[in-house]
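Shown here: data.tsv, TSV, C-alpha atoms.
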```tsv
chain	number	residue	atom	x	y	z
A	1	MET	CA	35.97	103.35	-98.24
A	2	LYS	CA	37.74	100.04	-98.74
A	3	PHE	CA	40.45	101.20	-96.34
A	4	ILE	CA	37.88	102.10	-93.70
A	5	ILE	CA	36.17	98.73	-94.00
A	6	PHE	CA	39.54	96.98	-93.78
A	7	PHE	CA	40.48	98.96	-90.66
A	8	LEU	CA	37.18	98.17	-88.98
A	9	GLY	CA	37.72	94.52	-89.79
A	10	ILE	CA	41.13	94.60	-88.15
A	11	SER	CA	39.70	96.36	-85.09
A	12	THR	CA	36.91	93.79	-84.73
A	13	PHE	CA	39.44	90.98	-85.07
A	14	CYS	CA	41.69	92.54	-82.43
A	15	PHE	CA	38.87	93.01	-79.94
A	16	SER	CA	37.83	89.37	-80.36
A	17	GLN	CA	41.26	88.19	-79.26
A	18	LYS	CA	42.66	87.74	-75.77
A	19	PHE	CA	45.48	90.03	-74.69
A	20	SER	CA	47.43	90.51	-71.48
A	21	PHE	CA	49.12	93.85	-70.92
A	22	ILE	CA	51.70	93.89	-68.14
A	23	TYR	CA	52.33	97.20	-66.38
A	24	GLU	CA	54.96	98.22	-63.89
A	25	ALA	CA	53.20	100.13	-61.12
A	26	LYS	CA	55.03	102.45	-58.77
A	27	TYR	CA	53.34	104.19	-55.88
A	28	LYS	CA	54.12	106.08	-52.70
A	29	LEU	CA	51.82	105.02	-49.89
A	30	ASN	CA	53.34	107.43	-47.36
A	31	SER	CA	53.10	111.06	-48.45
A	32	GLU	CA	55.78	112.03	-45.94
A	33	LYS	CA	58.39	109.58	-47.28
A	34	ALA	CA	59.11	110.63	-50.85
A	35	ASP	CA	61.80	107.97	-51.35
A	36	ASP	CA	59.66	105.08	-50.05
A	37	VAL	CA	58.35	103.72	-53.36
A	38	TYR	CA	56.47	100.44	-53.83
A	39	SER	CA	56.77	98.62	-57.15
A	40	ASP	CA	54.60	95.79	-58.49
A	41	ASN	CA	53.80	94.20	-61.80
A	42	MET	CA	50.11	94.41	-62.61
A	43	ILE	CA	48.20	92.72	-65.41
A	44	LEU	CA	45.37	93.97	-67.61
A	45	ASP	CA	43.63	90.95	-69.17
A	46	LEU	CA	41.33	91.93	-72.04
A	47	LYS	CA	38.83	89.98	-74.11
A	48	ASN	CA	35.75	91.08	-76.05
A	49	ASN	CA	35.58	94.53	-74.45
A	50	THR	CA	35.76	93.15	-70.92
A	51	SER	CA	38.88	93.33	-68.79
A	52	ILE	CA	40.32	92.56	-65.37
A	53	PHE	CA	43.18	94.58	-63.91
A	54	ARG	CA	44.98	93.15	-60.89
A	55	GLU	CA	48.36	92.62	-59.31
A	56	ALA	CA	50.29	89.68	-60.74
A	57	GLN	CA	50.19	88.03	-57.30
A	58	ASP	CA	46.42	88.48	-57.15
A	59	LYS	CA	46.08	86.71	-60.50
A	60	LYS	CA	48.07	83.77	-59.11
A	61	SER	CA	45.89	83.71	-55.99
A	62	ASP	CA	42.74	83.81	-58.12
A	63	SER	CA	44.01	80.86	-60.15
A	64	ILE	CA	44.69	78.87	-56.98
A	65	LYS	CA	41.25	79.79	-55.63
A	66	LEU	CA	39.56	78.48	-58.78
A	67	ASN	CA	41.52	75.22	-58.66
A	68	ASN	CA	41.75	74.55	-54.93
A	69	GLY	CA	39.53	77.09	-53.20
A	70	ASN	CA	42.44	78.35	-51.08
A	71	GLY	CA	43.55	81.62	-52.67
A	72	ARG	CA	45.45	83.87	-50.26
A	73	TYR	CA	45.05	87.65	-50.34
A	74	LYS	CA	46.68	90.62	-48.70
A	75	MET	CA	45.27	91.96	-45.46
A	76	GLY	CA	43.39	95.22	-45.31
A	77	VAL	CA	40.88	97.16	-47.36
A	78	GLU	CA	42.72	100.14	-48.77
A	79	ASN	CA	45.37	99.94	-51.50
A	80	GLN	CA	43.74	97.11	-53.43
A	81	PHE	CA	43.99	97.54	-57.21
A	82	TYR	CA	41.55	94.93	-58.52
A	83	ILE	CA	39.35	96.43	-61.26
A	84	LYS	CA	36.76	94.82	-63.56
A	85	LYS	CA	35.49	96.67	-66.63
A	86	ASN	CA	32.80	96.14	-69.22
A	87	LEU	CA	33.77	98.65	-71.89
A	88	THR	CA	30.60	98.09	-73.93
A	89	GLN	CA	28.37	98.97	-70.98
A	90	ASN	CA	30.84	101.54	-69.58
A	91	LYS	CA	30.74	99.64	-66.29
A	92	ILE	CA	33.67	99.76	-63.87
A	93	GLU	CA	33.91	97.94	-60.54
A	94	LYS	CA	36.60	98.02	-57.88
A	95	VAL	CA	36.73	94.67	-56.09
A	96	ILE	CA	37.77	94.50	-52.44
A	97	THR	CA	38.54	91.19	-50.73
A	98	TYR	CA	38.26	91.37	-46.95
A	99	LEU	CA	38.16	88.45	-44.49
A	100	GLY	CA	37.43	86.00	-47.27
A	101	THR	CA	34.49	87.97	-48.68
A	102	ASP	CA	34.53	89.83	-52.01
A	103	TYR	CA	32.89	93.24	-52.28
A	104	PHE	CA	32.39	95.21	-55.46
A	105	LEU	CA	32.36	99.01	-55.46
A	106	PRO	CA	30.95	100.67	-58.60
A	107	ILE	CA	33.20	103.46	-59.89
A	108	GLU	CA	30.81	106.16	-61.05
A	109	GLU	CA	33.25	109.04	-61.38
A	110	ILE	CA	33.28	110.09	-65.05
A	111	LEU	CA	36.63	110.55	-66.79
A	112	ASP	CA	36.61	113.80	-68.76
A	113	TRP	CA	39.62	113.37	-71.03
A	114	LYS	CA	41.37	116.33	-72.64
A	115	ILE	CA	43.44	115.04	-75.57
A	116	THR	CA	46.35	117.29	-76.50
A	117	SER	CA	48.35	117.51	-79.72
A	118	GLU	CA	51.59	116.50	-77.94
A	119	GLN	CA	53.09	113.23	-79.16
A	120	LYS	CA	56.17	111.14	-78.45
A	121	ILE	CA	57.56	107.66	-78.88
A	122	ILE	CA	57.29	105.38	-75.85
A	123	GLY	CA	59.09	102.12	-76.41
A	124	LYS	CA	58.13	101.20	-79.96
A	125	TYR	CA	54.76	102.95	-79.92
A	126	LYS	CA	53.83	106.40	-81.19
A	127	SER	CA	51.77	107.88	-78.38
A	128	GLN	CA	49.68	110.95	-77.69
A	129	LYS	CA	49.11	112.86	-74.48
A	130	ALA	CA	45.79	113.17	-72.64
A	131	GLU	CA	44.81	114.51	-69.23
A	132	THR	CA	41.98	113.88	-66.79
A	133	ASN	CA	40.99	114.05	-63.12
A	134	TYR	CA	40.15	111.07	-60.96
A	135	GLY	CA	40.13	110.34	-57.24
A	136	GLY	CA	41.19	113.83	-56.27
A	137	ARG	CA	44.27	113.65	-58.50
A	138	ASN	CA	45.26	115.11	-61.86
A	139	TRP	CA	46.44	112.43	-64.29
A	140	ILE	CA	48.66	112.61	-67.38
A	141	ALA	CA	48.29	109.71	-69.80
A	142	TRP	CA	49.92	108.59	-73.03
A	143	PHE	CA	47.89	106.36	-75.33
A	144	THR	CA	48.62	104.71	-78.66
A	145	THR	CA	46.24	103.93	-81.51
A	146	GLU	CA	48.72	101.25	-82.61
A	147	LEU	CA	47.08	99.13	-79.91
A	148	PRO	CA	43.41	99.83	-80.78
A	149	PHE	CA	41.89	99.17	-77.37
A	150	GLY	CA	40.09	101.90	-75.43
A	151	ASP	CA	41.32	100.55	-72.11
A	152	GLY	CA	44.19	101.04	-69.71
A	153	PRO	CA	45.51	100.27	-66.22
A	154	TYR	CA	43.37	100.54	-63.10
A	155	ILE	CA	40.07	102.36	-63.78
A	156	PHE	CA	41.42	104.34	-66.73
A	157	ASN	CA	39.76	103.87	-70.12
A	158	GLY	CA	37.90	105.72	-72.85
A	159	LEU	CA	40.72	106.97	-75.10
A	160	PRO	CA	41.11	106.08	-78.82
A	161	GLY	CA	43.84	103.57	-78.00
A	162	LEU	CA	45.48	101.68	-75.16
A	163	ILE	CA	46.93	103.77	-72.34
A	164	ILE	CA	50.58	102.73	-72.18
A	165	SER	CA	51.70	105.21	-69.55
A	166	ILE	CA	49.87	107.24	-66.92
A	167	GLN	CA	50.89	109.03	-63.74
A	168	ASP	CA	49.42	111.60	-61.41
A	169	SER	CA	50.76	115.14	-61.41
A	170	ASN	CA	52.43	114.65	-58.00
A	171	ASN	CA	54.34	111.63	-59.35
A	172	GLU	CA	53.00	109.48	-56.53
A	173	TYR	CA	51.30	106.84	-58.70
A	174	SER	CA	52.34	105.61	-62.13
A	175	PHE	CA	51.57	102.70	-64.45
A	176	ASN	CA	53.83	101.95	-67.42
A	177	LEU	CA	53.35	99.21	-70.02
A	178	ILE	CA	56.30	96.82	-70.11
A	179	GLU	CA	54.98	93.81	-72.05
A	180	VAL	CA	52.17	92.74	-74.39
A	181	LYS	CA	51.07	89.10	-74.57
A	182	LYS	CA	48.61	87.92	-77.18
A	183	GLY	CA	46.35	85.09	-76.09
A	184	GLY	CA	46.57	85.89	-72.40
A	185	ASN	CA	44.52	83.92	-69.88
A	186	ILE	CA	41.55	85.89	-68.52
A	187	PHE	CA	39.42	84.45	-65.71
A	188	ASP	CA	37.33	85.79	-62.87
A	189	ALA	CA	37.43	84.17	-59.44
A	190	ARG	CA	35.47	86.97	-57.76
A	191	LYS	CA	32.02	86.78	-59.31
A	192	LYS	CA	30.06	86.33	-56.07
A	193	ALA	CA	30.59	89.74	-54.55
A	194	ILE	CA	28.52	92.00	-52.31
A	195	LYS	CA	27.79	95.48	-53.63
A	196	ILE	CA	28.99	98.37	-51.46
A	197	ASP	CA	29.43	102.13	-51.75
A	198	TRP	CA	32.22	104.38	-50.51
A	199	LYS	CA	30.53	104.77	-47.11
A	200	LYS	CA	30.48	100.99	-46.62
A	201	TYR	CA	34.06	100.87	-47.90
A	202	GLU	CA	35.04	103.22	-45.08
A	203	ILE	CA	33.20	101.08	-42.54
A	204	LEU	CA	35.09	97.98	-43.70
A	205	ALA	CA	38.42	99.81	-43.54
A	206	LYS	CA	37.77	101.06	-40.01
A	207	SER	CA	36.64	97.60	-38.96
A	208	PHE	CA	39.99	96.25	-40.12
A	209	PHE	CA	41.84	99.05	-38.32
A	210	ASN	CA	40.05	98.38	-35.03
A	211	ASP	CA	40.53	94.61	-35.19
A	212	PRO	CA	43.17	93.84	-37.86
A	213	TYR	CA	43.50	90.16	-36.98
A	214	ASP	CA	39.76	89.58	-36.61
A	215	VAL	CA	40.31	88.47	-33.03
A	216	ASN	CA	36.85	89.45	-31.78
A	217	SER	CA	34.94	87.23	-34.21
A	218	LYS	CA	37.31	84.31	-33.56
A	219	VAL	CA	36.85	84.63	-29.80
A	220	ALA	CA	33.07	84.84	-30.28
A	221	MET	CA	33.26	81.46	-32.04
A	222	GLY	CA	35.11	79.99	-29.07
A	223	LYS	CA	38.54	79.98	-30.71
A	224	THR	CA	41.77	80.74	-28.87
A	225	VAL	CA	43.98	83.31	-30.58
A	226	THR	CA	47.68	83.54	-29.78
A	227	PHE	CA	50.67	85.16	-31.48
A	228	THR	CA	54.26	84.05	-31.26
A	229	ASP	CA	57.50	85.76	-32.24
A	230	PRO	CA	60.17	84.06	-34.43
A	231	LYS	CA	61.60	82.41	-31.29
A	232	GLY	CA	58.25	80.89	-30.36
A	233	ASN	CA	57.54	83.24	-27.47
A	234	THR	CA	53.92	84.24	-26.94
A	235	MET	CA	53.19	87.88	-27.81
A	236	ASP	CA	50.54	90.20	-26.44
A	237	ILE	CA	47.69	90.54	-28.96
A	238	SER	CA	47.31	94.23	-28.13
A	239	ILE	CA	50.94	94.78	-29.18
A	240	LYS	CA	50.35	93.03	-32.50
A	241	ASN	CA	47.23	95.13	-33.06
A	242	LYS	CA	49.15	98.32	-32.32
A	243	GLU	CA	51.90	97.37	-34.76
A	244	MET	CA	49.37	96.77	-37.54
A	245	GLN	CA	47.49	99.98	-36.76
A	246	ASN	CA	50.71	101.98	-36.98
A	247	ASN	CA	51.41	100.32	-40.33
A	248	ILE	CA	47.95	101.33	-41.60
A	249	LEU	CA	48.45	104.93	-40.45
A	250	GLN	CA	51.78	105.07	-42.28
A	251	LYS	CA	50.05	104.21	-45.58
A	252	ASN	CA	48.27	107.54	-45.69
A	253	ASN	CA	48.35	108.22	-49.43
A	254	PRO	CA	45.68	106.13	-51.21
A	255	ILE	CA	45.19	106.37	-54.96
A	256	GLU	CA	41.69	107.81	-54.38
A	257	LEU	CA	42.67	110.82	-52.28
A	258	ASN	CA	39.09	112.04	-52.21
A	259	HIS	CA	38.16	108.86	-50.30
A	260	LYS	CA	41.09	108.91	-47.88
A	261	ILE	CA	40.00	107.45	-44.56
A	262	ASN	CA	40.50	109.29	-41.30
A	263	TYR	CA	41.16	106.55	-38.74
A	264	LYS	CA	41.60	108.86	-35.76
```

Translate this file's structure into structure tokens.
Amino acid sequence: MKFIIFFLGISTFCFSQKFSFIYEAKYKLNSEKADDVYSDNMILDLKNNTSIFREAQDKKSDSIKLNNGNGRYKMGVENQFYIKKNLTQNKIEKVITYLGTDYFLPIEEILDWKITSEQKIIGKYKSQKAETNYGGRNWIAWFTTELPFGDGPYIFNGLPGLIISIQDSNNEYSFNLIEVKKGGNIFDARKKAIKIDWKKYEILAKSFFNDPYDVNSKVAMGKTVTFTDPKGNTMDISIKNKEMQNNILQKNNPIELNHKINYK
């Protein structure tokens, strides 16, 4: 009994601390180009059973936004990895930033974990295998009770320890823990967000596809929109739109396959 009380005390102490877990993410956005792999560092900031998972560059942009109000974000709607969790309330939100406005999309898909008896050492941690389905993909995860946090990268959570490695069965998306920082800095620059659902998400994505540079709204406000090439020559806006649309169509392998958008 004394051991159990001591362990619970340690767990409570750990959860009251701030931690930053850095993951290397690798993903294939084009299903037809197996060797075209994107790689980014992403950060899971955790404090008191709440966490924010985002790309390292997004965290920098959020910091700038809080200090100067001028955070810069990637274009588009799909392939954004910003996730906020409240583990106590089992609340998960995917945050989309589009044309300067933040939208939050509740993730209501339930993770039904199947924990296996298979174990192995990953880095310095003894880990155990678990499997689940999410977003139209089968996922294989490895978690460790040596880091007693029921959280993990992206939307993944709910295991008896931190998820230190997870990938889908097609090996198209993976997240692997590469560093643990105690006392990490957690902050939220996207509190004022508009709630949407997957249908509205699709509408936003198609709006971006049809007018990727938001030319129509700028013209409606009386602004003149021009594009120039590296030599300073004026470019046709329709050509720039076509280039961006082709780029969007090439990224045809979103992490949530069951919400893949048909732009045609």

#### Entry: Distance query A:Tyr134 at most 8 Å, only C-alpha atoms, self and fewer than 4 positions along chain excluded, as a list in words
Glu109, Leu111, Asn138, Trp139 and Glu256 of chain A

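Atom CA of A:Ala130 lies 5.4 Å from atom CA of A:Lys114.
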
Closest pair table for stretch 103-163 of chain A residues within 10 Å of stretch 77-88 of chain A, all atoms listed in the file, as CSV:
```
residue,atom,partner,partner_atom,distance
A:Phe104,CA,A:Ile83,CA,9.1
A:Leu105,CA,A:Ile83,CA,9.4
A:Pro106,CA,A:Lys84,CA,9.6
A:Ile107,CA,A:Ile83,CA,9.4
A:Phe149,CA,A:Leu87,CA,9.8
A:Gly150,CA,A:Leu87,CA,7.9
A:Asp151,CA,A:Leu87,CA,7.8
A:Pro153,CA,A:Ile83,CA,8.8
A:Tyr154,CA,A:Ile83,CA,6.0
A:Ile155,CA,A:Ile83,CA,6.5
A:Phe156,CA,A:Lys85,CA,9.7
A:Asn157,CA,A:Leu87,CA,8.1
A:Gly158,CA,A:Leu87,CA,8.2
```

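Computed from the coordinates, the atom CA of A:Ser169 to atom CA of A:Pro254 distance equals 14.5 Å.
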
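Taking atom CA of A:Glu55 as the reference point, atom CA of A:Leu177 is found at 13.5 Å.
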
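Among the candidate residues A:Glu24, A:Glu108, A:Asp102, A:Glu32, the one lying nearest to A:Ile178 is A:Glu24, with distances computed using all atoms listed in the file.
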
### Task
Name the closest residue to A:Tyr201 among the candidates A:Ile96, A:Leu159, A:Ile255, A:Ile122; distances are taken between atoms, counting all atoms listed in the file.
A:Ile96

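With distances restricted to only C-alpha atoms, A:Ser31 is the closest residue to A:Asn252 from A:Thr145, A:Ser117, A:Gln128, A:Ser31.
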